[in-house]
Every structure is written in C-alpha cells, then in structure tokens.
2 protein chains.
Amino acid sequence: MADFAPDPAFEAGSKAAGELALCHVRLQDDARYPWVILIPRQVGLVELSDLKVADRARLMEEIVAAGDMVRDLAALDGDPVDKLNVGALGNVTTQLHVHVVGRRRGDDAWPGPVWGAGTARAYDPQALALRLSALSARLAPRAA
Amino acid sequence: MADFAPDPAFEAGSKAAGELALCHVRLQDDARYPWVILIPRQVGLVELSDLKVADRARLMEEIVAAGDMVRDLAALDGDPVDKLNVGALGNVTTQLHVHVVGRRRGDDAWPGPVWGAGTARAYDPQALALRLSALSARLAPRAA
C-alpha cells in the first residue's frame, strides 16, 4: 500500500503546518479567513464512514483543536471570529479532509459559505511565516 | 433551564423526522438534494466545543448514520449520490446543527456548496410522506 500523501491539489492554496495524532494539518493561504484544513493520514479515504470509529472520534477532537488554532490565527489578525464553520465536502478534491474556518459578520462571504466564494488573497510572506509559527505551537513538526 | 426545542427557523425549510440518541433529526424539504439535519437536543449549544467529548463522539456517529439516511433518500429518488457533504455552519441560525447532504455530479450547485445556492424545491406531499416514512425506519419517533 502506498504511503499517505496529501492530494497535490492542496499545494495550490494551502501550506503544510504540522501534524496531529490523526491528521495532517494545513493553513489555507487566504488572508480573508483564518482557516485550517485537516487531512487524516490514511490512504484511500473519501467519506467519514471510511474511518474506523475510534479514528472518527479522534477526528472530531482534532476538529475542535483546529477551532482553537483558528482562534489563534484570528488573534494574529487582531480580529476575533464570530462563528466557526466546519465542512467536509470533497466535491472537487475527494481525499477526505475537513475545513475549519473562522467567520466574521461582514466578511467577504458572510453569511454564505466560503467555498467557491470570491478569490483567495494570499498572505504576505511575513504574515504567512508568523501564522505557521503560531500553529506549530499546537502541532508536531510536519512530516517529511 | 428551558427544555430543548429546535430554533423556529428550521420550521420554514425542513420537517421533523425523528430522534437519534443525541440529535433531533429533520428532513430538509428540498427535492433537489437528499438532505438531513441533525440538531443535538441540548440547550444553548453553538459550537461543537460546547458539547461534551462523549457527546461529540456520539454526534460523529450520528453524522455517519445520517449519511446512510441520505443514501436511503437517494434510493427513493432512483438516483444514487456521488458524495456526501457535511457542514456545521450556523452563520444564520446559530443553534448547533449539522447538515448531511447527498450530492450528485451535475446537481444544481455542483461542485459548489448547497448552502445559499438557488431556491429550494419543496417535495410534493406524497413524496414528502414517503421520505419521512423511510427515515422513520432508522429513528425513534419524533419528540412531542
């Protein structure tokens, strides 16, 4: 069986941030929203039902942990979030992944969903480095 | 403390279908998509982190069960789904709830998210009754 690797499609819009017990964690490179992506490090997953029950419970806890990461990111923006949005869609990239996105009243897509709405605004290099550094405090180093 | 009740906003677009151990279950009244909504029956929940850990694990399992319900609904349409979409947004109705939606390539919103996309198409009364009956096979009777 091949080793786990994130779908190359994730490289285009997000940066590897580190690892949790179950998931590879990425920062969405979109300064409009504090936004973390979780990808369980197992091969061939598409739906939540493809995970074992214990791993599903772990994923739920990692979703909650990602919410804390999103709040850390929002603090760096100096702009707390009003609501977390959690979504597992996979219509375009089918490898199982979960988005955890911080939303603010009046943000570009409010109150609609962020997926497919408008155009990402990449972080500048310094802001990106600062955010990856903040996330690393809650994560194991990224896998090679 | 007041008893649990679903936010009245859910009445507009969905129908009570029954109960799981944790969640009140509703059928979204939109014939475009087989679509179930889970609402944990506790007062004052907004984010997943407001649930206790054990209830979060239970919610995850009820999300997976809702995926099976969505596939049952799709079978009644004679049109299996290609992907499940799971979302906990709450930007408009903040009471914690989870959408489990069956998606087909080429459906009205494909590959974008369903939330806020286009206009719901209500089931006709017979189709609605048939779907609520199908869901009831997997659910406890709806609470009074």
# chains A, B, ... in the order shown; residues from 1 in each chain; ligands from 1
>>> residues_around(residues="Asp72 (chain A)", least_positions_apart="3", cutoff="9 Å", atoms="only C-alpha atoms", output="MDAnalysis selection string")
chainID A and resid 34 67:69 75:77 80 131 134:135
>>> write_last_selection(atoms="all heavy atoms", output="compact mmCIF listing (two decimals), in the first residue's frame")
# COMPACT_ATOMS: atom_id res chain seq x y z
N PRO A 34 -9.25 33.15 8.78
CA PRO A 34 -8.39 32.19 9.49
C PRO A 34 -8.96 30.79 9.23
O PRO A 34 -10.14 30.55 9.51
CB PRO A 34 -8.50 32.61 10.95
CG PRO A 34 -9.80 33.36 11.05
CD PRO A 34 -10.08 33.96 9.70
N GLY A 67 -10.34 24.38 15.78
CA GLY A 67 -11.08 25.59 16.14
C GLY A 67 -10.24 26.51 17.02
O GLY A 67 -10.25 27.73 16.85
N ASP A 68 -9.49 25.92 17.95
CA ASP A 68 -8.60 26.72 18.79
C ASP A 68 -7.49 27.35 17.94
O ASP A 68 -7.08 28.49 18.17
CB ASP A 68 -7.99 25.86 19.90
CG ASP A 68 -9.03 25.43 20.93
OD1 ASP A 68 -10.07 26.09 21.06
OD2 ASP A 68 -8.79 24.40 21.61
N MET A 69 -6.99 26.59 16.97
CA MET A 69 -5.96 27.13 16.08
C MET A 69 -6.51 28.31 15.28
O MET A 69 -5.82 29.33 15.09
CB MET A 69 -5.47 26.05 15.11
CG MET A 69 -4.72 24.92 15.79
SD MET A 69 -4.25 23.65 14.56
CE MET A 69 -4.40 22.20 15.58
N ALA A 75 -6.50 35.91 16.36
CA ALA A 75 -5.86 36.83 17.30
C ALA A 75 -4.70 37.55 16.62
O ALA A 75 -4.46 38.74 16.85
CB ALA A 75 -5.39 36.08 18.55
N LEU A 76 -3.98 36.84 15.74
CA LEU A 76 -2.89 37.47 15.00
C LEU A 76 -3.43 38.53 14.03
O LEU A 76 -2.75 39.51 13.73
CB LEU A 76 -2.09 36.42 14.22
CG LEU A 76 -1.24 35.48 15.08
CD1 LEU A 76 -0.59 34.41 14.22
CD2 LEU A 76 -0.17 36.25 15.85
N ASP A 77 -4.65 38.32 13.55
CA ASP A 77 -5.29 39.33 12.70
C ASP A 77 -5.80 40.50 13.54
O ASP A 77 -6.20 41.53 12.99
CB ASP A 77 -6.52 38.74 11.98
CG ASP A 77 -6.18 37.66 10.96
OD1 ASP A 77 -5.04 37.62 10.47
OD2 ASP A 77 -7.08 36.84 10.66
N PRO A 80 -11.23 38.94 16.29
CA PRO A 80 -11.77 37.64 16.69
C PRO A 80 -12.90 37.18 15.77
O PRO A 80 -13.54 38.00 15.12
CB PRO A 80 -12.30 37.90 18.11
CG PRO A 80 -12.49 39.37 18.20
CD PRO A 80 -11.47 39.99 17.29
N ARG A 131 2.05 33.01 11.01
CA ARG A 131 0.91 32.14 11.25
C ARG A 131 1.33 30.66 11.33
O ARG A 131 0.84 29.91 12.18
CB ARG A 131 -0.16 32.37 10.17
CG ARG A 131 -0.99 33.60 10.53
CD ARG A 131 -1.64 34.31 9.40
NE ARG A 131 -2.30 35.52 9.92
CZ ARG A 131 -1.65 36.66 10.21
NH1 ARG A 131 -0.35 36.78 10.05
NH2 ARG A 131 -2.32 37.69 10.70
N ALA A 134 2.80 30.22 14.70
CA ALA A 134 1.76 30.14 15.75
C ALA A 134 1.12 28.75 15.76
O ALA A 134 0.91 28.15 16.82
CB ALA A 134 0.70 31.21 15.52
N LEU A 135 0.82 28.22 14.57
CA LEU A 135 0.20 26.89 14.51
C LEU A 135 1.15 25.83 15.04
O LEU A 135 0.72 24.85 15.67
CB LEU A 135 -0.19 26.56 13.07
CG LEU A 135 -1.35 27.36 12.48
CD1 LEU A 135 -1.58 26.96 11.03
CD2 LEU A 135 -2.62 27.19 13.31
>>> interface_residues(of="chain A", to="chain B", cutoff="6 Å", atoms="only C-alpha atoms", output="list in words")
Ser49, Ala57, Val64, Asn85, Val86, Gly87, Ala88, Leu89, Asn91 and Pro111 of chain A
>>> atom_distance(atom1="CA of Leu38 (chain B)", atom2="CA of Asp7 (chain B)")
12.3 Å
>>> select_by_dssp(residues="region 3-52 of chain B", states="strand (DSSP E)", output="ChimeraX atom specification")
/B:14-19,23-28,35-40
>>> select_by_dssp(residues="region 7-56 of chain A", states="helix (DSSP H, G or I)", output="list in words")
Ala9, Phe10, Glu11, Ala12, Gly13, Leu48, Ser49, Asp50, Val53, Ala54, Asp55 and Arg56 of chain A
>>> write_last_selection(atoms="N, CA and C atoms", output="PDB file, in the first residue's frame")
ATOM      1  N   ALA A   9      -3.512  18.754  -5.115  1.00  0.00           N
ATOM      2  CA  ALA A   9      -4.405  19.915  -5.245  1.00  0.00           C
ATOM      3  C   ALA A   9      -4.329  20.830  -4.024  1.00  0.00           C
ATOM      4  N   PHE A  10      -3.980  20.252  -2.854  1.00  0.00           N
ATOM      5  CA  PHE A  10      -3.891  21.096  -1.655  1.00  0.00           C
ATOM      6  C   PHE A  10      -2.702  22.050  -1.707  1.00  0.00           C
ATOM      7  N   GLU A  11      -1.691  21.689  -2.497  1.00  0.00           N
ATOM      8  CA  GLU A  11      -0.485  22.528  -2.565  1.00  0.00           C
ATOM      9  C   GLU A  11      -0.793  23.913  -3.132  1.00  0.00           C
ATOM     10  N   ALA A  12      -1.777  23.975  -4.009  1.00  0.00           N
ATOM     11  CA  ALA A  12      -2.045  25.235  -4.709  1.00  0.00           C
ATOM     12  C   ALA A  12      -2.512  26.331  -3.758  1.00  0.00           C
ATOM     13  N   GLY A  13      -3.321  25.981  -2.772  1.00  0.00           N
ATOM     14  CA  GLY A  13      -3.950  27.024  -1.973  1.00  0.00           C
ATOM     15  C   GLY A  13      -3.647  26.987  -0.496  1.00  0.00           C
ATOM     16  N   LEU A  48     -16.417  10.102   5.696  1.00  0.00           N
ATOM     17  CA  LEU A  48     -16.158   9.895   7.127  1.00  0.00           C
ATOM     18  C   LEU A  48     -16.331   8.429   7.498  1.00  0.00           C
ATOM     19  N   SER A  49     -17.256   7.751   6.840  1.00  0.00           N
ATOM     20  CA  SER A  49     -17.515   6.341   7.151  1.00  0.00           C
ATOM     21  C   SER A  49     -16.348   5.433   6.758  1.00  0.00           C
ATOM     22  N   ASP A  50     -15.398   5.956   5.991  1.00  0.00           N
ATOM     23  CA  ASP A  50     -14.205   5.164   5.646  1.00  0.00           C
ATOM     24  C   ASP A  50     -13.219   5.087   6.814  1.00  0.00           C
ATOM     25  N   VAL A  53     -14.258   3.746  13.778  1.00  0.00           N
ATOM     26  CA  VAL A  53     -14.996   4.524  14.774  1.00  0.00           C
ATOM     27  C   VAL A  53     -14.052   5.310  15.686  1.00  0.00           C
ATOM     28  N   ALA A  54     -12.995   4.676  16.169  1.00  0.00           N
ATOM     29  CA  ALA A  54     -12.078   5.364  17.092  1.00  0.00           C
ATOM     30  C   ALA A  54     -11.415   6.556  16.400  1.00  0.00           C
ATOM     31  N   ASP A  55     -11.106   6.385  15.121  1.00  0.00           N
ATOM     32  CA  ASP A  55     -10.475   7.487  14.385  1.00  0.00           C
ATOM     33  C   ASP A  55     -11.479   8.604  14.105  1.00  0.00           C
ATOM     34  N   ARG A  56     -12.736   8.223  13.968  1.00  0.00           N
ATOM     35  CA  ARG A  56     -13.750   9.275  13.780  1.00  0.00           C
ATOM     36  C   ARG A  56     -13.852  10.130  15.034  1.00  0.00           C
TER      37      ARG A  56
END
>>> closest_residue(among="B:Arg71, B:Ala120, B:Ala66, B:Gly44", to="Ala17 (chain B)", atoms="only C-alpha atoms")
B:Ala66
>>> residues_around(residues="Arg121 (chain B)", least_positions_apart="4", cutoff="9 Å", atoms="only C-alpha atoms", output="ChimeraX atom specification")
/B:29-32
>>> residues_around(residues="Arg41 (chain A)", least_positions_apart="4", cutoff="7 Å", atoms="only C-alpha atoms", output="mmCIF file with N, CA, C and O atoms, in the first residue's frame")
data_model
loop_
_atom_site.group_PDB
_atom_site.id
_atom_site.type_symbol
_atom_site.label_atom_id
_atom_site.label_comp_id
_atom_site.auth_asym_id
_atom_site.auth_seq_id
_atom_site.Cartn_x
_atom_site.Cartn_y
_atom_site.Cartn_z
ATOM 1 N N PHE A 4 0.728 7.516 2.796
ATOM 2 C CA PHE A 4 -0.143 8.684 2.720
ATOM 3 C C PHE A 4 0.596 9.888 2.146
ATOM 4 O O PHE A 4 1.745 10.147 2.484
ATOM 5 N N LEU A 22 -3.977 12.128 14.302
ATOM 6 C CA LEU A 22 -4.614 11.515 13.135
ATOM 7 C C LEU A 22 -4.324 12.272 11.842
ATOM 8 O O LEU A 22 -4.137 11.655 10.799
ATOM 9 N N CYS A 23 -4.321 13.582 11.930
ATOM 10 C CA CYS A 23 -4.411 14.402 10.708
ATOM 11 C C CYS A 23 -3.145 15.187 10.383
ATOM 12 O O CYS A 23 -2.471 15.711 11.282
ATOM 13 N N HIS A 24 -2.896 15.294 9.109
ATOM 14 C CA HIS A 24 -2.008 16.304 8.546
ATOM 15 C C HIS A 24 -2.772 17.629 8.564
ATOM 16 O O HIS A 24 -3.959 17.669 8.216
#
>>> atom_distance(atom1="CA of Ser136 (chain A)", atom2="CA of Leu51 (chain A)")
25.6 Å
>>> atom_distance(atom1="CA of Trp35 (chain B)", atom2="CA of Leu73 (chain B)")
8.1 Å
>>> closest_residue(among="B:Leu96, B:Ala2, B:Ala21, B:Leu27", to="Leu130 (chain B)", atoms="only C-alpha atoms")
B:Leu27
>>> closest_residue(among="B:Leu139, B:Leu128, B:Ala5, B:Val81", to="Gln42 (chain B)", atoms="only C-alpha atoms")
B:Ala5
